[in-house]
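Everything below belongs to model12.cif, which stores mmCIF, C-alpha atoms and all ligand atoms.
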```cif
data_my_file
loop_
_atom_site.label_atom_id
_atom_site.label_comp_id
_atom_site.auth_asym_id
_atom_site.auth_seq_id
_atom_site.Cartn_x
_atom_site.Cartn_y
_atom_site.Cartn_z
CA MET A 452 11.08 29.25 -25.03
CA SER A 453 14.76 28.58 -25.54
CA PRO A 454 16.84 26.55 -23.10
CA SER A 455 18.76 29.73 -22.22
CA THR A 456 15.60 31.18 -20.61
CA LEU A 457 15.50 28.28 -18.14
CA ALA A 458 17.25 28.20 -14.79
CA PRO A 459 17.83 25.21 -12.53
CA ILE A 460 15.32 24.38 -9.79
CA ALA A 461 17.07 24.50 -6.43
CA PHE A 462 16.91 21.78 -3.76
CA PRO A 463 18.25 22.56 -0.28
CA ASP A 464 20.97 20.17 0.86
CA VAL A 465 19.94 18.44 4.08
CA THR A 466 22.07 16.69 6.68
CA LEU A 467 20.24 14.52 9.17
CA PRO A 468 20.92 15.52 12.79
CA GLU A 469 22.19 13.11 15.42
CA SER A 470 18.68 12.91 16.96
CA ALA A 471 17.37 11.53 13.67
CA ARG A 472 19.97 8.76 13.71
CA ARG A 473 18.95 7.70 17.24
CA LEU A 474 15.32 7.77 16.21
CA ARG A 475 16.05 5.50 13.24
CA ALA A 476 17.45 2.88 15.61
CA GLU A 477 14.32 3.13 17.79
CA VAL A 478 12.03 2.70 14.78
CA ARG A 479 14.00 -0.31 13.59
CA ALA A 480 13.66 -1.90 17.03
CA PHE A 481 9.90 -1.24 16.97
CA VAL A 482 9.62 -2.73 13.48
CA ASP A 483 11.53 -5.82 14.66
CA GLU A 484 9.07 -6.25 17.53
CA GLU A 485 6.13 -5.89 15.16
CA ARG A 486 7.70 -8.29 12.67
CA ALA A 487 7.96 -10.83 15.47
CA ARG A 488 4.22 -10.48 16.15
CA GLY A 489 3.52 -10.98 12.44
CA THR A 490 2.22 -7.52 11.54
CA VAL A 491 5.12 -6.38 9.33
CA LEU A 492 5.09 -8.55 6.24
CA GLY A 493 7.59 -6.62 4.11
CA ARG A 494 5.03 -5.98 1.37
CA PRO A 495 5.39 -3.37 -1.38
CA ASP A 496 2.98 -0.42 -1.45
CA SER A 497 2.27 -0.74 2.27
CA TRP A 498 1.19 2.91 2.56
CA LEU A 499 -1.71 2.12 0.25
CA ALA A 500 -2.41 -1.54 0.96
CA GLY A 501 -1.32 -2.18 4.55
CA TRP A 502 -4.45 -1.23 6.52
CA ASP A 503 -3.95 -2.15 10.17
CA PRO A 504 -5.51 0.24 12.73
CA GLY A 505 -3.91 -1.68 15.61
CA PHE A 506 -0.46 -1.07 14.15
CA SER A 507 -1.33 2.62 13.66
CA ARG A 508 -2.36 2.92 17.31
CA ARG A 509 0.79 1.26 18.61
CA LEU A 510 2.83 3.58 16.42
CA ALA A 511 0.85 6.53 17.81
CA GLU A 512 1.61 5.40 21.38
CA ARG A 513 5.28 5.96 20.53
CA GLY A 514 4.43 9.47 19.33
CA TRP A 515 5.07 8.57 15.66
CA VAL A 516 1.69 9.50 14.18
CA GLY A 517 1.06 13.23 13.79
CA MET A 518 4.55 13.59 15.21
CA ALA A 519 5.13 17.04 13.67
CA LEU A 520 1.83 18.38 15.08
CA PRO A 521 2.20 20.75 18.06
CA THR A 522 1.99 19.19 21.52
CA GLU A 523 -0.95 21.43 22.48
CA TYR A 524 -3.00 19.48 19.92
CA GLY A 525 -1.76 16.07 20.99
CA GLY A 526 1.12 15.85 18.51
CA ALA A 527 4.74 15.15 19.41
CA GLY A 528 6.04 18.55 18.29
CA ARG A 529 8.94 16.83 16.53
CA GLY A 530 10.75 18.17 13.47
CA PHE A 531 10.07 17.31 9.85
CA LEU A 532 13.37 15.43 9.50
CA GLU A 533 12.46 13.20 12.40
CA ARG A 534 9.10 12.45 10.79
CA TYR A 535 10.91 11.73 7.54
CA VAL A 536 13.16 9.18 9.22
CA VAL A 537 10.20 7.41 10.81
CA ILE A 538 8.19 7.12 7.62
CA GLU A 539 11.10 6.05 5.44
CA GLU A 540 11.98 3.27 7.90
CA LEU A 541 8.36 2.09 7.96
CA LEU A 542 8.03 2.13 4.17
CA ALA A 543 11.37 0.42 3.62
CA ALA A 544 10.24 -2.34 5.98
CA GLY A 545 6.87 -2.67 4.23
CA ALA A 546 5.02 -1.89 7.48
CA PRO A 547 1.20 -1.57 7.36
CA VAL A 548 0.82 2.20 7.58
CA SER A 549 -2.11 2.89 5.28
CA ALA A 550 -4.80 3.39 7.96
CA HIS A 551 -3.24 6.59 9.28
CA TRP A 552 -1.30 7.57 6.15
CA VAL A 553 -3.54 10.33 4.79
CA SER A 554 -4.37 11.68 8.28
CA ASP A 555 -0.69 11.91 9.14
CA ARG A 556 0.57 13.21 5.81
CA GLN A 557 -2.04 15.75 4.81
CA ALA A 558 -5.33 15.87 6.79
CA GLY A 559 -3.54 16.76 10.05
CA PRO A 560 -1.32 19.48 8.52
CA SER A 561 -4.34 20.85 6.58
CA VAL A 562 -6.53 21.08 9.67
CA LEU A 563 -3.64 22.68 11.56
CA GLN A 564 -3.08 25.23 8.81
CA HIS A 565 -6.62 26.02 7.69
CA GLY A 566 -8.92 24.65 10.38
CA THR A 567 -10.84 26.53 13.05
CA GLU A 568 -9.71 26.22 16.66
CA GLU A 569 -12.67 23.90 17.26
CA GLN A 570 -11.63 21.65 14.35
CA ARG A 571 -8.05 21.56 15.58
CA ARG A 572 -9.08 20.62 19.11
CA PHE A 573 -11.41 17.90 17.84
CA PHE A 574 -9.42 16.29 15.05
CA LEU A 575 -5.71 16.70 15.79
CA PRO A 576 -5.52 14.78 19.11
CA ARG A 577 -7.53 11.94 17.53
CA ILE A 578 -5.22 11.88 14.50
CA ALA A 579 -2.13 11.82 16.71
CA ALA A 580 -3.64 8.99 18.76
CA GLY A 581 -4.11 6.90 15.60
CA GLN A 582 -7.86 6.93 16.13
CA CYS A 583 -9.13 9.05 13.28
CA PHE A 584 -8.51 8.06 9.68
CA PHE A 585 -9.06 10.25 6.61
CA SER A 586 -9.61 9.74 2.88
CA ILE A 587 -8.90 12.16 0.05
CA GLY A 588 -12.03 13.27 -1.83
CA MET A 589 -10.56 15.17 -4.74
CA SER A 590 -10.91 13.19 -8.01
CA GLU A 591 -14.10 12.56 -9.94
CA LYS A 592 -14.97 10.64 -13.08
CA SER A 593 -14.10 13.54 -15.37
CA SER A 594 -11.90 15.49 -12.97
CA GLY A 595 -8.57 13.90 -12.33
CA SER A 596 -5.80 15.86 -14.01
CA ASP A 597 -8.19 18.75 -14.49
CA LEU A 598 -9.19 18.94 -10.85
CA ALA A 599 -10.69 22.43 -11.12
CA SER A 600 -13.53 20.94 -13.16
CA VAL A 601 -15.01 19.07 -10.16
CA ALA A 602 -18.77 18.75 -10.44
CA THR A 603 -19.54 17.94 -6.80
CA ARG A 604 -21.60 20.82 -5.47
CA ALA A 605 -22.11 22.18 -1.99
CA GLU A 606 -25.30 24.23 -1.60
CA HIS A 607 -25.64 26.44 1.44
CA THR A 608 -28.68 25.50 3.57
CA ALA A 609 -30.19 26.92 6.75
CA ASP A 610 -27.99 24.66 8.91
CA GLY A 611 -24.86 24.28 6.84
CA TRP A 612 -24.15 22.67 3.48
CA ARG A 613 -25.67 19.94 1.34
CA LEU A 614 -23.14 18.03 -0.81
CA THR A 615 -24.08 16.21 -3.99
CA GLY A 616 -21.73 14.44 -6.40
CA THR A 617 -19.48 11.41 -6.82
CA LYS A 618 -15.84 11.22 -5.85
CA MET A 619 -13.73 8.54 -7.57
CA TRP A 620 -10.73 6.55 -6.40
CA THR A 621 -11.49 7.49 -2.80
CA GLY A 622 -8.89 5.33 -1.06
CA GLY A 623 -10.14 3.74 2.17
CA ALA A 624 -13.59 5.40 2.15
CA HIS A 625 -15.07 2.04 3.18
CA VAL A 626 -12.94 1.84 6.34
CA ASN A 627 -11.94 5.42 7.21
CA ASP A 628 -13.80 7.96 9.34
CA TYR A 629 -13.75 11.17 7.30
CA ALA A 630 -12.92 12.48 3.83
CA ILE A 631 -11.76 15.96 2.92
CA VAL A 632 -13.96 16.71 -0.07
CA LEU A 633 -13.34 19.37 -2.70
CA ALA A 634 -16.64 20.82 -3.93
CA ARG A 635 -17.91 23.78 -5.91
CA THR A 636 -19.60 26.31 -3.65
CA ASP A 637 -19.86 29.24 -6.09
CA ASP A 638 -20.06 29.68 -9.85
CA THR A 639 -17.32 32.10 -10.79
CA GLU A 640 -15.66 33.19 -14.02
CA ASP A 641 -12.31 32.05 -12.69
CA ARG A 642 -12.78 28.26 -12.43
CA HIS A 643 -10.14 28.06 -9.71
CA ALA A 644 -12.23 30.30 -7.51
CA GLY A 645 -15.55 29.11 -6.05
CA LEU A 646 -14.15 25.80 -4.73
CA SER A 647 -14.13 24.88 -1.05
CA GLN A 648 -13.07 21.95 1.12
CA PHE A 649 -15.32 20.12 3.59
CA ILE A 650 -14.66 17.52 6.25
CA VAL A 651 -17.28 14.86 5.53
CA ASP A 652 -18.20 12.12 7.99
CA LEU A 653 -18.08 8.94 5.91
CA ARG A 654 -20.85 7.38 8.05
CA ALA A 655 -23.25 10.31 7.54
CA PRO A 656 -26.63 9.65 5.91
CA GLY A 657 -26.41 10.07 2.13
CA VAL A 658 -22.83 8.77 1.81
CA ARG A 659 -22.82 5.63 -0.36
CA VAL A 660 -19.50 3.87 -0.86
CA GLU A 661 -19.18 1.59 -3.88
CA PRO A 662 -16.06 -0.60 -4.23
CA ILE A 663 -13.58 -0.29 -7.10
CA HIS A 664 -11.44 -3.43 -7.16
CA LEU A 665 -7.80 -3.41 -8.22
CA MET A 666 -6.49 -5.91 -10.80
CA SER A 667 -5.31 -8.03 -7.87
CA GLY A 668 -8.91 -8.21 -6.65
CA GLU A 669 -8.15 -6.07 -3.59
CA HIS A 670 -10.73 -3.58 -2.38
CA ARG A 671 -8.79 -0.40 -1.57
CA PHE A 672 -10.67 2.21 -3.62
CA ASN A 673 -14.19 3.38 -4.05
CA ALA A 674 -16.61 5.55 -5.85
CA CYS A 675 -17.94 7.68 -3.01
CA HIS A 676 -21.44 8.90 -3.81
CA LEU A 677 -22.57 11.97 -1.89
CA GLU A 678 -26.34 11.91 -2.23
CA GLY A 679 -27.46 15.10 -0.52
CA VAL A 680 -25.10 14.79 2.46
CA ASP A 681 -25.70 17.44 5.15
CA VAL A 682 -22.45 18.88 6.44
CA PRO A 683 -22.54 21.37 9.34
CA ASP A 684 -21.10 24.86 8.84
CA GLY A 685 -18.36 23.96 11.30
CA MET A 686 -17.02 21.34 8.87
CA LEU A 687 -16.10 23.82 6.14
CA LEU A 688 -12.30 23.54 6.10
CA GLY A 689 -10.62 26.90 5.55
CA ARG A 690 -12.37 29.76 3.84
CA ARG A 691 -15.21 29.45 1.35
CA GLY A 692 -13.67 29.83 -2.11
CA ASP A 693 -10.11 29.01 -0.98
CA GLY A 694 -10.39 25.29 -1.85
CA TRP A 695 -8.11 25.44 -4.86
CA LYS A 696 -5.33 27.22 -2.98
CA GLN A 697 -5.63 24.75 -0.12
CA VAL A 698 -5.65 21.68 -2.37
CA THR A 699 -2.61 22.75 -4.35
CA GLY A 700 -0.78 23.43 -1.07
CA GLU A 701 -1.62 19.88 0.04
CA LEU A 702 -0.33 18.41 -3.21
CA ALA A 703 3.28 19.44 -2.53
CA PHE A 704 3.09 17.36 0.70
CA GLU A 705 1.41 14.56 -1.22
CA ARG A 706 3.98 14.40 -3.99
CA SER A 707 7.41 14.65 -2.46
CA GLY A 708 7.59 12.17 0.40
CA PRO A 709 9.44 8.85 0.52
CA GLU A 710 6.26 6.98 -0.49
CA ARG A 711 6.93 8.29 -4.00
CA TYR A 712 10.10 6.28 -4.41
CA LEU A 713 9.95 3.54 -1.76
CA SER A 714 6.67 1.78 -2.68
CA THR A 715 8.53 -1.08 -4.32
CA PHE A 716 11.67 -1.00 -2.13
CA PRO A 717 10.64 -4.14 -0.15
CA LEU A 718 10.88 -6.06 -3.43
CA LEU A 719 14.55 -5.05 -3.69
CA VAL A 720 15.06 -6.35 -0.14
CA SER A 721 13.36 -9.61 -1.16
CA LEU A 722 15.65 -9.88 -4.20
CA LEU A 723 18.74 -9.41 -2.04
CA ARG A 724 17.51 -12.18 0.28
CA GLU A 725 17.04 -14.47 -2.70
CA LEU A 726 20.55 -13.66 -3.93
CA GLU A 727 21.99 -14.64 -0.54
CA ARG A 728 21.18 -18.21 -1.53
CA ARG A 729 23.04 -18.13 -4.84
CA PRO A 730 26.12 -16.21 -5.98
CA ALA A 731 25.24 -12.96 -7.79
CA THR A 732 26.93 -12.26 -11.11
CA ALA A 733 28.83 -9.02 -11.76
CA GLU A 734 26.05 -7.91 -14.09
CA GLN A 735 23.36 -8.48 -11.45
CA LEU A 736 25.39 -6.52 -8.92
CA THR A 737 25.86 -3.66 -11.39
CA ARG A 738 22.11 -3.42 -12.02
CA ILE A 739 21.41 -3.42 -8.29
CA GLY A 740 24.09 -0.74 -7.85
CA ILE A 741 22.46 1.48 -10.47
CA LEU A 742 19.07 1.17 -8.77
CA THR A 743 20.58 1.96 -5.39
CA ALA A 744 22.37 5.02 -6.73
CA ARG A 745 19.10 6.31 -8.22
CA LEU A 746 17.32 5.70 -4.92
CA HIS A 747 20.00 7.60 -3.06
CA SER A 748 19.82 10.62 -5.40
CA ILE A 749 16.03 10.83 -5.29
CA ARG A 750 16.08 10.54 -1.51
CA ARG A 751 18.34 13.60 -1.33
CA LEU A 752 15.96 15.57 -3.54
CA SER A 753 12.96 14.43 -1.50
CA LEU A 754 14.65 15.49 1.74
CA GLY A 755 15.34 18.88 0.12
CA VAL A 756 11.62 19.33 -0.62
CA ALA A 757 10.74 18.33 2.95
CA ALA A 758 13.14 21.01 4.21
CA ALA A 759 11.66 23.64 1.89
CA LEU A 760 8.10 22.76 2.97
CA ASP A 761 9.13 22.98 6.59
CA ALA A 762 10.58 26.44 5.95
CA GLY A 763 7.16 27.54 4.63
CA ALA A 764 8.14 27.62 0.94
CA ALA A 765 5.93 26.28 -1.88
CA PRO A 766 8.27 23.94 -3.76
CA ASP A 767 5.61 22.72 -6.22
CA ALA A 768 8.00 22.17 -9.13
CA GLN A 769 10.52 20.39 -6.90
CA ALA A 770 7.81 18.13 -5.47
CA ALA A 771 6.59 17.32 -8.99
CA LEU A 772 10.15 16.48 -10.03
CA VAL A 773 10.63 14.13 -7.07
CA LYS A 774 7.37 12.34 -7.85
CA ASP A 775 8.14 12.00 -11.56
CA LEU A 776 11.64 10.61 -10.91
CA GLY A 777 10.56 8.57 -7.91
CA THR A 778 7.54 6.82 -9.40
CA ARG A 779 9.47 5.98 -12.56
CA LEU A 780 12.09 4.39 -10.33
CA GLU A 781 9.37 2.38 -8.56
CA VAL A 782 8.29 0.91 -11.89
CA ALA A 783 11.90 0.39 -13.06
CA LEU A 784 12.72 -1.42 -9.82
CA VAL A 785 10.03 -4.04 -10.50
CA ASP A 786 11.29 -4.52 -14.08
CA THR A 787 14.91 -4.73 -12.96
CA VAL A 788 14.13 -7.28 -10.25
CA ARG A 789 12.28 -9.41 -12.81
CA GLY A 790 15.22 -9.11 -15.18
CA ILE A 791 17.78 -10.09 -12.54
CA LEU A 792 15.91 -13.08 -11.18
CA PRO A 793 13.66 -14.90 -13.61
CA THR A 794 11.32 -16.23 -10.89
CA PRO A 795 7.74 -16.09 -12.25
CA ALA A 796 5.37 -13.79 -10.38
CA ASP A 797 2.67 -15.79 -8.61
CA PRO A 798 -0.13 -14.10 -6.62
CA HIS A 799 -1.06 -17.48 -5.09
CA ALA A 800 2.43 -18.33 -3.82
CA THR A 801 3.14 -18.30 -0.06
CA PRO A 802 2.41 -14.81 1.32
CA GLY A 803 5.66 -12.90 1.70
CA SER A 804 7.59 -15.19 -0.67
CA HIS A 805 9.47 -13.57 -3.57
CA PRO A 806 7.04 -14.74 -6.32
CA GLU A 807 4.07 -13.44 -4.30
CA LEU A 808 5.69 -10.06 -3.54
CA LEU A 809 6.67 -9.72 -7.20
CA ALA A 810 3.08 -10.39 -8.31
CA PHE A 811 1.79 -7.86 -5.76
CA ALA A 812 4.21 -5.15 -6.91
CA LEU A 813 3.45 -5.88 -10.58
CA LEU A 814 -0.32 -5.74 -10.15
CA HIS A 815 -0.02 -2.43 -8.29
CA SER A 816 2.46 -0.89 -10.72
CA PRO A 817 0.04 0.81 -13.15
CA GLY A 818 -0.96 3.10 -10.28
CA TYR A 819 2.52 4.31 -9.30
CA THR A 820 2.79 7.01 -11.97
CA LEU A 821 -0.93 7.93 -11.91
CA ARG A 822 -1.96 8.43 -8.30
CA GLY A 823 -1.41 11.91 -6.87
CA GLY A 824 -1.14 13.40 -10.38
CA THR A 825 0.10 11.74 -13.57
CA ASN A 826 3.64 12.19 -14.82
CA GLU A 827 2.46 14.22 -17.84
CA ILE A 828 0.80 16.70 -15.50
CA LEU A 829 3.86 16.78 -13.26
CA ARG A 830 6.07 17.62 -16.22
CA GLY A 831 3.84 20.61 -16.99
CA ILE A 832 4.35 21.84 -13.43
CA ILE A 833 8.11 21.29 -13.69
CA THR A 834 8.25 23.25 -16.95
CA ARG A 835 6.32 26.16 -15.47
CA GLY A 836 8.65 26.06 -12.46
CA LEU A 837 11.69 26.24 -14.76
CA GLU A 838 10.18 29.17 -16.67
CA GLN A 839 9.41 31.09 -13.47
CA HIS A 840 12.96 30.72 -12.29
C1 LIG B 1 -4.09 3.87 -7.32
C2 LIG B 1 -4.76 5.22 -7.33
C3 LIG B 1 -5.10 5.82 -6.13
C4 LIG B 1 -5.78 7.04 -6.13
N1 LIG B 1 -6.21 7.59 -4.93
C5 LIG B 1 -7.00 8.68 -4.94
C6 LIG B 1 -7.61 9.15 -3.73
O1 LIG B 1 -7.48 8.53 -2.66
N2 LIG B 1 -8.38 10.27 -3.79
C7 LIG B 1 -8.56 10.96 -4.94
O2 LIG B 1 -9.23 11.98 -4.91
N3 LIG B 1 -7.99 10.53 -6.11
C8 LIG B 1 -7.25 9.40 -6.14
N4 LIG B 1 -6.71 8.93 -7.32
C9 LIG B 1 -7.02 9.62 -8.57
C10 LIG B 1 -5.81 10.24 -9.25
O3 LIG B 1 -5.43 11.44 -8.63
C11 LIG B 1 -6.17 10.43 -10.72
O4 LIG B 1 -6.33 9.13 -11.29
C12 LIG B 1 -5.13 11.19 -11.49
O5 LIG B 1 -5.05 12.52 -11.08
C13 LIG B 1 -5.41 11.14 -13.02
O6 LIG B 1 -6.71 11.52 -13.29
P1 LIG B 1 -7.65 10.61 -14.23
O7 LIG B 1 -7.57 9.21 -13.71
O8 LIG B 1 -8.99 11.26 -14.28
O9 LIG B 1 -6.97 10.63 -15.64
P2 LIG B 1 -7.08 11.82 -16.80
O10 LIG B 1 -6.97 13.11 -16.10
O11 LIG B 1 -8.36 11.52 -17.52
O12 LIG B 1 -5.86 11.51 -17.64
C14 LIG B 1 -5.81 10.46 -18.62
C15 LIG B 1 -4.48 10.55 -19.35
O13 LIG B 1 -4.39 11.80 -20.05
C16 LIG B 1 -3.21 12.51 -19.66
N5 LIG B 1 -3.49 13.94 -19.59
C17 LIG B 1 -4.58 14.53 -19.00
N6 LIG B 1 -4.48 15.87 -19.10
C18 LIG B 1 -3.30 16.13 -19.74
C19 LIG B 1 -2.63 17.33 -20.10
N7 LIG B 1 -3.14 18.53 -19.85
N8 LIG B 1 -1.42 17.22 -20.73
C20 LIG B 1 -0.88 15.99 -20.99
N9 LIG B 1 -1.49 14.82 -20.67
C21 LIG B 1 -2.68 14.89 -20.04
C22 LIG B 1 -2.87 11.97 -18.27
O14 LIG B 1 -1.50 12.13 -17.98
C23 LIG B 1 -3.27 10.51 -18.39
O15 LIG B 1 -2.24 9.77 -18.99
C24 LIG B 1 -6.04 7.71 -7.35
C25 LIG B 1 -5.65 7.10 -8.56
C26 LIG B 1 -5.03 5.87 -8.56
C27 LIG B 1 -4.67 5.24 -9.89
#
```

Translate the structure described by the file into structure tokens.
Amino acid sequence: MSPSTLAPIAFPDVTLPESARRLRAEVRAFVDEERARGTVLGRPDSWLAGWDPGFSRRLAERGWVGMALPTEYGGAGRGFLERYVVIEELLAAGAPVSAHWVSDRQAGPSVLQHGTEEQRRFFLPRIAAGQCFFSIGMSEKSSGSDLASVATRAEHTADGWRLTGTKMWTGGAHVNDYAIVLARTDDTEDRHAGLSQFIVDLRAPGVRVEPIHLMSGEHRFNACHLEGVDVPDGMLLGRRGDGWKQVTGELAFERSGPERYLSTFPLLVSLLRELERRPATAEQLTRIGILTARLHSIRRLSLGVAAALDAGAAPDAQAALVKDLGTRLEVALVDTVRGILPTPADPHATPGSHPELLAFALLHSPGYTLRGGTNEILRGIITRGLEQH
């Protein structure tokens, strides 16, 4: 392949409407109220680590969970740009959004797109009310990058399906209600065929959740053992054998949002607060300026992917590009902040203080470029996207 055979990947240019600007002010006021009650701590990685169902419910009361779901299913019927504004404000503030994150970002849209009418009527109003939380049951011990190799099996029984296998890195399986599990239903020559998705009740008999602790000691992830779990026929999500198509569709939503470049943004805010107390040098300001310019560019790309998804396109290469650029920026931001201010990271410092936030961001940083698909895998997708163009 020579460079001349490649063409640029396009990103639509997006201008936020006036309604989005008003909404931003409302979200900021809500965040201020929550900050005053002590729920918004300005922590990095709050979409993964900030589990607060009460916060999720109060957000839902404002219509800001499942806000792009149709009103007939309990959603707010708002546009994708409005949702974008809400989530970027929440992430930038380090608000505790992890309880409803997966339900809002991908379980809700998946059930809307692939679910039966019964599934939509059951799950979507609960998701939009902030009362039904989902985990992602894709990865396994030997199936991360190579997801099509999943070994979890679903055997058809008289009453439905029996699932056996172990999912790894299942975020929130110990506290959430359901997981969408990818399992092999049929042995086929084409390894991408024969996979299906199931909505699994995480309290069902046969589900055993074993903690995986992060370096910080936090319990966010699990090995989720499915030991002969009976799943009714009505909990098959989409069509039997369409699991691969459905999962790859979900990944574009999973990869392109503001959580792929804003996870460490609260640390930048903390740095700026620290610098208010001492004069910043020209070099410090330049480094902050470079970070901010990168953030601004990636945000524009991310908004472009959101617009393409909303228009029904499949911008897989664009989403992969946003995640690769965005997660590298998340890591670089932590390094830059450490370089600008030589305060040692201290996980035992006062919660919310700069040394504590720095330690938190550092201990989480190995995950930024891995979760949701590693950067090596993303670059393969980007290359294929360039070739196709
Ligand atoms: C913090 C965190 C949260 C997560 N949350 C969830 C979750 O909630 N649910 C869920 O299902 N999964 C989750 N995951 C799993 C995540 O999707 C996988 O870790 C990821 O896809 C990588 O898979 P792996 O860990 O098996 O690594 P491997 O696939 O074994 O990869 C190991 C290394 O080899 C490289 N590599 C592999 N194949 C290739 C290739 N073809 N070309 C070039 N390099 C390659 C990879 O880039 C990587 O550097 C999470 C992971 C992390 C770290």

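Computed from the coordinates, the CA of Gly657 (chain A) to CA of Arg613 (chain A) distance equals 9.9 Å.
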
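Take CA of Val482 (chain A) and CA of Ala544 (chain A): the distance between them is 7.5 Å.
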
Legend entry - Atomic separation - atom C23 of ligand LIG 1 (chain B) relative to CA of Val626 (chain A), Å: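 Rounded to one decimal, the two atoms are 27.9 Å apart.
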
Enumerate as a compact mmCIF listing (two decimals) with C-alpha atoms, in the frame of the given file the residues within 8 Å of ligand LIG 1 (chain B), counting only C-alpha atoms and all ligand atoms.
```
# COMPACT_ATOMS: atom_id res chain seq x y z
CA SER A 586 -9.61 9.74 2.88
CA ILE A 587 -8.90 12.16 0.05
CA GLY A 588 -12.03 13.27 -1.83
CA MET A 589 -10.56 15.17 -4.74
CA SER A 590 -10.91 13.19 -8.01
CA GLU A 591 -14.10 12.56 -9.94
CA LYS A 592 -14.97 10.64 -13.08
CA SER A 593 -14.10 13.54 -15.37
CA SER A 594 -11.90 15.49 -12.97
CA GLY A 595 -8.57 13.90 -12.33
CA SER A 596 -5.80 15.86 -14.01
CA ASP A 597 -8.19 18.75 -14.49
CA LEU A 598 -9.19 18.94 -10.85
CA LYS A 618 -15.84 11.22 -5.85
CA MET A 619 -13.73 8.54 -7.57
CA TRP A 620 -10.73 6.55 -6.40
CA THR A 621 -11.49 7.49 -2.80
CA GLY A 622 -8.89 5.33 -1.06
CA GLY A 623 -10.14 3.74 2.17
CA PHE A 672 -10.67 2.21 -3.62
CA HIS A 815 -0.02 -2.43 -8.29
CA PRO A 817 0.04 0.81 -13.15
CA GLY A 818 -0.96 3.10 -10.28
CA TYR A 819 2.52 4.31 -9.30
CA THR A 820 2.79 7.01 -11.97
CA LEU A 821 -0.93 7.93 -11.91
CA ARG A 822 -1.96 8.43 -8.30
CA GLY A 823 -1.41 11.91 -6.87
CA GLY A 824 -1.14 13.40 -10.38
CA THR A 825 0.10 11.74 -13.57
CA ASN A 826 3.64 12.19 -14.82
CA GLU A 827 2.46 14.22 -17.84
CA ILE A 828 0.80 16.70 -15.50
CA GLY A 831 3.84 20.61 -16.99
```

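The residue that comes closest to Tyr524 (chain A), out of A:Pro793, A:Gly501, A:Pro560, A:Gly616 and on the basis of all atoms listed in the file, is A:Pro560.
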
Legend entry - Contact residues around Val651 (chain A) with only C-alpha atoms at 10 Å, ignoring same-chain residues under 4 positions, as number ranges by chain: A: 585-586, 588, 614, 628-632, 655, 658, 677, 680-683, 686-687

Inset, instruction - Fewer than 2 positions away in the same chain doesn't count, so skip those; otherwise give me all residues within 12 Å of Arg745 (chain A), counting all atoms listed in the file, as a VMD selection string. - result: chain A and resid 712 to 713 738 to 743 747 to 752 773 776 to 781 783 to 784

Inset, instruction - Write out as JSON, numbers by chain which residues come within 12 Å of Leu510 (chain A) when counting all atoms listed in the file, dropping same-chain ones fewer than 6 positions away. - result: {"A": [477, 478, 481, 482, 484, 485, 503, 504, 516, 517, 518, 537, 538, 541, 546, 547, 548, 550, 551, 552, 555, 578, 579, 580, 581, 582]}

Atoms added to region 800-810 of chain A (N, CA and C atoms), reported as an mmCIF file, in the frame of the given file:
```cif
data_model
loop_
_atom_site.group_PDB
_atom_site.id
_atom_site.type_symbol
_atom_site.label_atom_id
_atom_site.label_comp_id
_atom_site.auth_asym_id
_atom_site.auth_seq_id
_atom_site.Cartn_x
_atom_site.Cartn_y
_atom_site.Cartn_z
ATOM 1 N N ALA A 800 1.298 -17.722 -4.545
ATOM 2 C CA ALA A 800 2.430 -18.330 -3.820
ATOM 3 C C ALA A 800 2.321 -17.956 -2.334
ATOM 4 N N THR A 801 3.161 -18.563 -1.507
ATOM 5 C CA THR A 801 3.140 -18.300 -0.060
ATOM 6 C C THR A 801 3.243 -16.793 0.196
ATOM 7 N N PRO A 802 2.333 -16.258 1.033
ATOM 8 C CA PRO A 802 2.410 -14.810 1.320
ATOM 9 C C PRO A 802 3.787 -14.423 1.848
ATOM 10 N N GLY A 803 4.349 -13.376 1.266
ATOM 11 C CA GLY A 803 5.660 -12.900 1.700
ATOM 12 C C GLY A 803 6.808 -13.534 0.932
ATOM 13 N N SER A 804 6.517 -14.588 0.121
ATOM 14 C CA SER A 804 7.590 -15.190 -0.670
ATOM 15 C C SER A 804 7.900 -14.273 -1.866
ATOM 16 N N HIS A 805 9.068 -14.461 -2.476
ATOM 17 C CA HIS A 805 9.470 -13.570 -3.570
ATOM 18 C C HIS A 805 8.463 -13.578 -4.727
ATOM 19 N N PRO A 806 7.999 -14.756 -5.197
ATOM 20 C CA PRO A 806 7.040 -14.740 -6.320
ATOM 21 C C PRO A 806 5.749 -13.997 -5.964
ATOM 22 N N GLU A 807 5.322 -14.108 -4.709
ATOM 23 C CA GLU A 807 4.070 -13.440 -4.300
ATOM 24 C C GLU A 807 4.281 -11.919 -4.218
ATOM 25 N N LEU A 808 5.413 -11.501 -3.642
ATOM 26 C CA LEU A 808 5.690 -10.060 -3.540
ATOM 27 C C LEU A 808 5.845 -9.449 -4.938
ATOM 28 N N LEU A 809 6.479 -10.213 -5.829
ATOM 29 C CA LEU A 809 6.670 -9.720 -7.200
ATOM 30 C C LEU A 809 5.308 -9.520 -7.880
ATOM 31 N N ALA A 810 4.413 -10.509 -7.709
ATOM 32 C CA ALA A 810 3.080 -10.390 -8.310
ATOM 33 C C ALA A 810 2.346 -9.174 -7.742
#
```
